[in-house]
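Peer 1: Let me begin by handing over the structure; questions about it come next.
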Amino acid sequence: HGAQAEYIRIPFAEGTLYPMPPTLDLETALLVGDVAATAVFAAAQAGLAAMQNRNCIAGADAVNDILQLCSLREHERHVASKNPDSLQVTVIIGCGPVGLLAVAMSRCLYVLQGASADAQLPVFALDSASHRLRRAKEWGAHVFDVSAADMASIRAAVSRVSLEQGRSGRGADAVLECVGASSALQSAFELLAPGGVISSIGVNTDAVFPVSPAAMYNKNLTFRCGRCPARSLLPATLFLAEFARDKLGINIRDVFTHRMDLAEAQRAYEIFEQRLDGCIKIALYPETSEHRPL
């Protein structure tokens with residue numbers, strides 16, 4: 001269940017420990033074992049690690065796809081993945097820490113499969129908070145403020161890019177739902193093209209699903225959700241974090257907008273919950289820590 005304390009005893013910790021490379025700072029390592037792995041899982045469920053092979057059909061081997069892709073040497077990836085003439089169109093709903101990292105990880109997976117690192121890739125990000133949307137745009141996404149744009153206009157923009165990519169022109173090939181609310185799932189369904197994939201990693205506790213089984217059936221969609229297997233994804237997530245930094249100029253630790261003392265945890269949660277002072281994510285440091293950035 002996690003913990004926030006200066007010290008903690010973890011039985012059988014060797015089952016989940018993973019060596020951190022010396023090239024990785026502590027804040028990035030913290031993200032790799034948590035929300036960054038969740039973002040990678042969201043992308044894997046959507047088929048983003050197998051775009052060249054299955055055209056967005058995500059199956060039970062989605063995690064294996066991403067592990068295999070990230071383990072290939074650079075020349076092997078170039079042989080396995082031809083430069084794509086058309087790219088899968090992806091929409092990310094919610095630009096909290098997981099959603100923003102999904103933008104970064106999705107861009108990595110496009111580039112690893114042959115897309116240009118300098119290109120404007122067909123990745124859309126939706127949110128209502130301007131400071132989150134600014135970061136998503138900095139990281140290369142087309143952004144929409146859902147408080148100012150209706151779903152019909154967003155779908156039209158997504159469909160236009162879909163046509164430009166030689167796709168169906170009828171919506172997104174994949175939608176990553178990173179909110180955990182029925183309204184976000186409803187939006188995901190509306191933006192999805194027929195035959196597309198919804199990858200839902202937001203924890204939705206509503207008792208009723210917002211879309212009927214008949215509507216899902218008629219759209220012939222694939223719906224995938226579940227808890228992220230973070231330990232299994234650690235090798236790939238570490239690789240992608242360094243790839244984003246070194247090849248795309250994206251430092252995923254930039255989701256940390258605030259750094260506070262552990263003793264200030266209650267105030268930190270208030271800032272985060274109320275989105276005060278442009279907050280996206282807060283790193284808590286024990287007062288005795290020598291690793292806190294200046």
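Letters A, B, ... mark the chains of the structure tokens in the order given; residue numbers begin at 1 per chain; ligand numbers begin at 1, in order shown.
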Between stretch 146-232 of chain A and stretch 34-48 of chain A, at 8 Å or less, what are the per-residue closest atom pairs and their distances in Å? Count only C-alpha atoms, order by chain and rising residue number, and return it as a Markdown table.

Peer 2:
```
| residue | atom | partner | partner_atom | distance |
| --- | --- | --- | --- | --- |
| A:Ala174 | CA | A:Ala46 | CA | 5.9 |
| A:Val175 | CA | A:Ala46 | CA | 7.3 |
| A:Leu176 | CA | A:Ala42 | CA | 6.3 |
| A:Val197 | CA | A:Ala46 | CA | 5.8 |
| A:Ile198 | CA | A:Ala46 | CA | 6.6 |
| A:Ser199 | CA | A:Ala46 | CA | 5.4 |
| A:Ser200 | CA | A:Ala42 | CA | 7.0 |
| A:Ile201 | CA | A:Ala42 | CA | 6.3 |
| A:Arg224 | CA | A:Gln45 | CA | 6.4 |
| A:Cys225 | CA | A:Gln45 | CA | 7.8 |
| A:Cys228 | CA | A:Thr38 | CA | 5.5 |
| A:Pro229 | CA | A:Phe41 | CA | 7.7 |
| A:Ala230 | CA | A:Ala37 | CA | 5.5 |
```

Peer 1: From a DSSP pass on the backbone, collect the residues of stretch 84-150 of chain A flagged as alpha helix (DSSP H) and hand them back as a PyMOL selection string.

Peer 2: chain A and resi 97-112+130-138

Peer 1: What's the separation between atom CA of A:Ser116 and atom CA of A:Leu31, in Å to one decimal place?

Peer 2: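 Going from atom CA of A:Ser116 over to atom CA of A:Leu31 covers 25.9 Å.
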
Peer 1: So which one's closest to A:Ser232, A:Leu248, A:Val32, A:Ala104, A:Leu121? Using only C-alpha atoms, please.

Peer 2: A:Val32

Peer 1: Residues near A:Gly195, anyone? I mean within 8 Å using only C-alpha atoms, not counting same-chain ones fewer than 3 positions away, as a list in words.

Peer 2: Asp173, Lys219, Asn220, Leu221 and Thr222 of chain A

Peer 1: Here is a test: counting only C-alpha atoms, which residue of A:Asp261, A:Glu290, A:Asp277, A:Glu242 is nearest to A:Met105?

Peer 2: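 When distances to A:Met105 are compared using only C-alpha atoms, the smallest one comes from A:Glu242.
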
Peer 1: Taking a cut-off of 9 Å and counting only C-alpha atoms, can you build a table that, for each residue of stretch 87-142 of chain A near stretch 153-166 of chain A, reports the nearest atom pair and how far apart they are in Å (one decimal), sorted by chain then residue number, as JSON lines?

Peer 2:
```
{"residue": "A:Leu87", "atom": "CA", "partner": "A:Gln165", "partner_atom": "CA", "distance": 5.8}
{"residue": "A:Gln88", "atom": "CA", "partner": "A:Gln165", "partner_atom": "CA", "distance": 7.7}
{"residue": "A:Val89", "atom": "CA", "partner": "A:Ser162", "partner_atom": "CA", "distance": 6.1}
{"residue": "A:Thr90", "atom": "CA", "partner": "A:Val158", "partner_atom": "CA", "distance": 8.7}
{"residue": "A:Val91", "atom": "CA", "partner": "A:Val158", "partner_atom": "CA", "distance": 8.2}
{"residue": "A:Pro122", "atom": "CA", "partner": "A:Val161", "partner_atom": "CA", "distance": 6.8}
{"residue": "A:Phe124", "atom": "CA", "partner": "A:Val158", "partner_atom": "CA", "distance": 7.7}
```

Peer 1: I'd like the interatomic distance between atom CA of A:Asn64 and atom CA of A:Ile252, to a tenth of an Å.

Peer 2: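 Going from atom CA of A:Asn64 over to atom CA of A:Ile252 covers 23.1 Å.
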
Peer 1: Could you give me, as a list in words, the residues within 7 Å of A:Ala125, counting only C-alpha atoms and dropping anything in the same chain fewer than 6 positions from it?

Peer 2: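 Within the cut-off, the hits are Val91, Ile92, Ile93, Cys95, Ala136, Ala141, His142, Val143 and Phe144 of chain A.
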
Peer 1: Those residues you just picked out, can you put them in a file as a CSV table (one decimal), in the first residue's frame with all heavy atoms?

Peer 2:
```
chain,number,residue,atom,x,y,z
A,91,VAL,N,-5.0,9.4,-28.0
A,91,VAL,CA,-5.5,10.4,-27.1
A,91,VAL,C,-5.3,10.0,-25.7
A,91,VAL,O,-5.6,8.9,-25.3
A,91,VAL,CB,-7.0,10.7,-27.4
A,91,VAL,CG1,-7.6,11.6,-26.3
A,91,VAL,CG2,-7.3,11.2,-28.8
A,92,ILE,N,-4.8,11.0,-24.9
A,92,ILE,CA,-4.6,10.7,-23.4
A,92,ILE,C,-5.5,11.7,-22.7
A,92,ILE,O,-5.5,12.9,-22.8
A,92,ILE,CB,-3.1,11.0,-23.0
A,92,ILE,CG1,-2.2,10.0,-23.8
A,92,ILE,CG2,-2.9,10.9,-21.5
A,92,ILE,CD1,-0.8,10.4,-23.8
A,93,ILE,N,-6.4,11.1,-21.9
A,93,ILE,CA,-7.4,11.9,-21.1
A,93,ILE,C,-6.9,12.0,-19.7
A,93,ILE,O,-6.8,11.0,-19.0
A,93,ILE,CB,-8.8,11.2,-21.2
A,93,ILE,CG1,-9.3,11.2,-22.6
A,93,ILE,CG2,-9.8,12.0,-20.3
A,93,ILE,CD1,-10.7,10.5,-22.8
A,95,CYS,N,-4.2,14.9,-17.5
A,95,CYS,CA,-2.8,15.3,-17.5
A,95,CYS,C,-2.3,15.5,-16.1
A,95,CYS,O,-1.5,16.4,-15.9
A,95,CYS,CB,-2.6,16.5,-18.4
A,95,CYS,SG,-2.9,16.3,-20.1
A,136,ALA,N,2.1,19.3,-21.0
A,136,ALA,CA,1.8,18.3,-22.1
A,136,ALA,C,2.3,18.8,-23.4
A,136,ALA,O,2.8,18.1,-24.3
A,136,ALA,CB,0.4,17.9,-22.1
A,141,ALA,N,2.6,17.1,-27.1
A,141,ALA,CA,1.3,16.7,-27.5
A,141,ALA,C,0.5,17.8,-28.0
A,141,ALA,O,0.7,19.0,-27.8
A,141,ALA,CB,0.6,16.1,-26.2
A,142,HIS,N,-0.5,17.5,-28.9
A,142,HIS,CA,-1.6,18.4,-29.2
A,142,HIS,C,-2.5,18.5,-28.0
A,142,HIS,O,-2.9,17.4,-27.4
A,142,HIS,CB,-2.4,17.9,-30.4
A,142,HIS,CG,-1.7,17.6,-31.6
A,142,HIS,ND1,-1.5,18.5,-32.6
A,142,HIS,CD2,-1.1,16.4,-32.1
A,142,HIS,CE1,-0.8,18.0,-33.6
A,142,HIS,NE2,-0.5,16.7,-33.3
A,143,VAL,N,-2.8,19.7,-27.5
A,143,VAL,CA,-3.6,19.8,-26.3
A,143,VAL,C,-4.9,20.4,-26.5
A,143,VAL,O,-5.1,21.3,-27.4
A,143,VAL,CB,-2.8,20.6,-25.2
A,143,VAL,CG1,-1.5,19.8,-24.9
A,143,VAL,CG2,-2.5,22.0,-25.6
A,144,PHE,N,-5.9,20.0,-25.6
A,144,PHE,CA,-7.2,20.6,-25.6
A,144,PHE,C,-7.7,20.8,-24.2
A,144,PHE,O,-7.6,19.9,-23.3
A,144,PHE,CB,-8.2,19.6,-26.3
A,144,PHE,CG,-8.2,19.8,-27.8
A,144,PHE,CD1,-7.5,18.9,-28.6
A,144,PHE,CD2,-9.0,20.8,-28.4
A,144,PHE,CE1,-7.5,19.0,-30.0
A,144,PHE,CE2,-8.9,20.9,-29.8
A,144,PHE,CZ,-8.2,20.0,-30.6
```
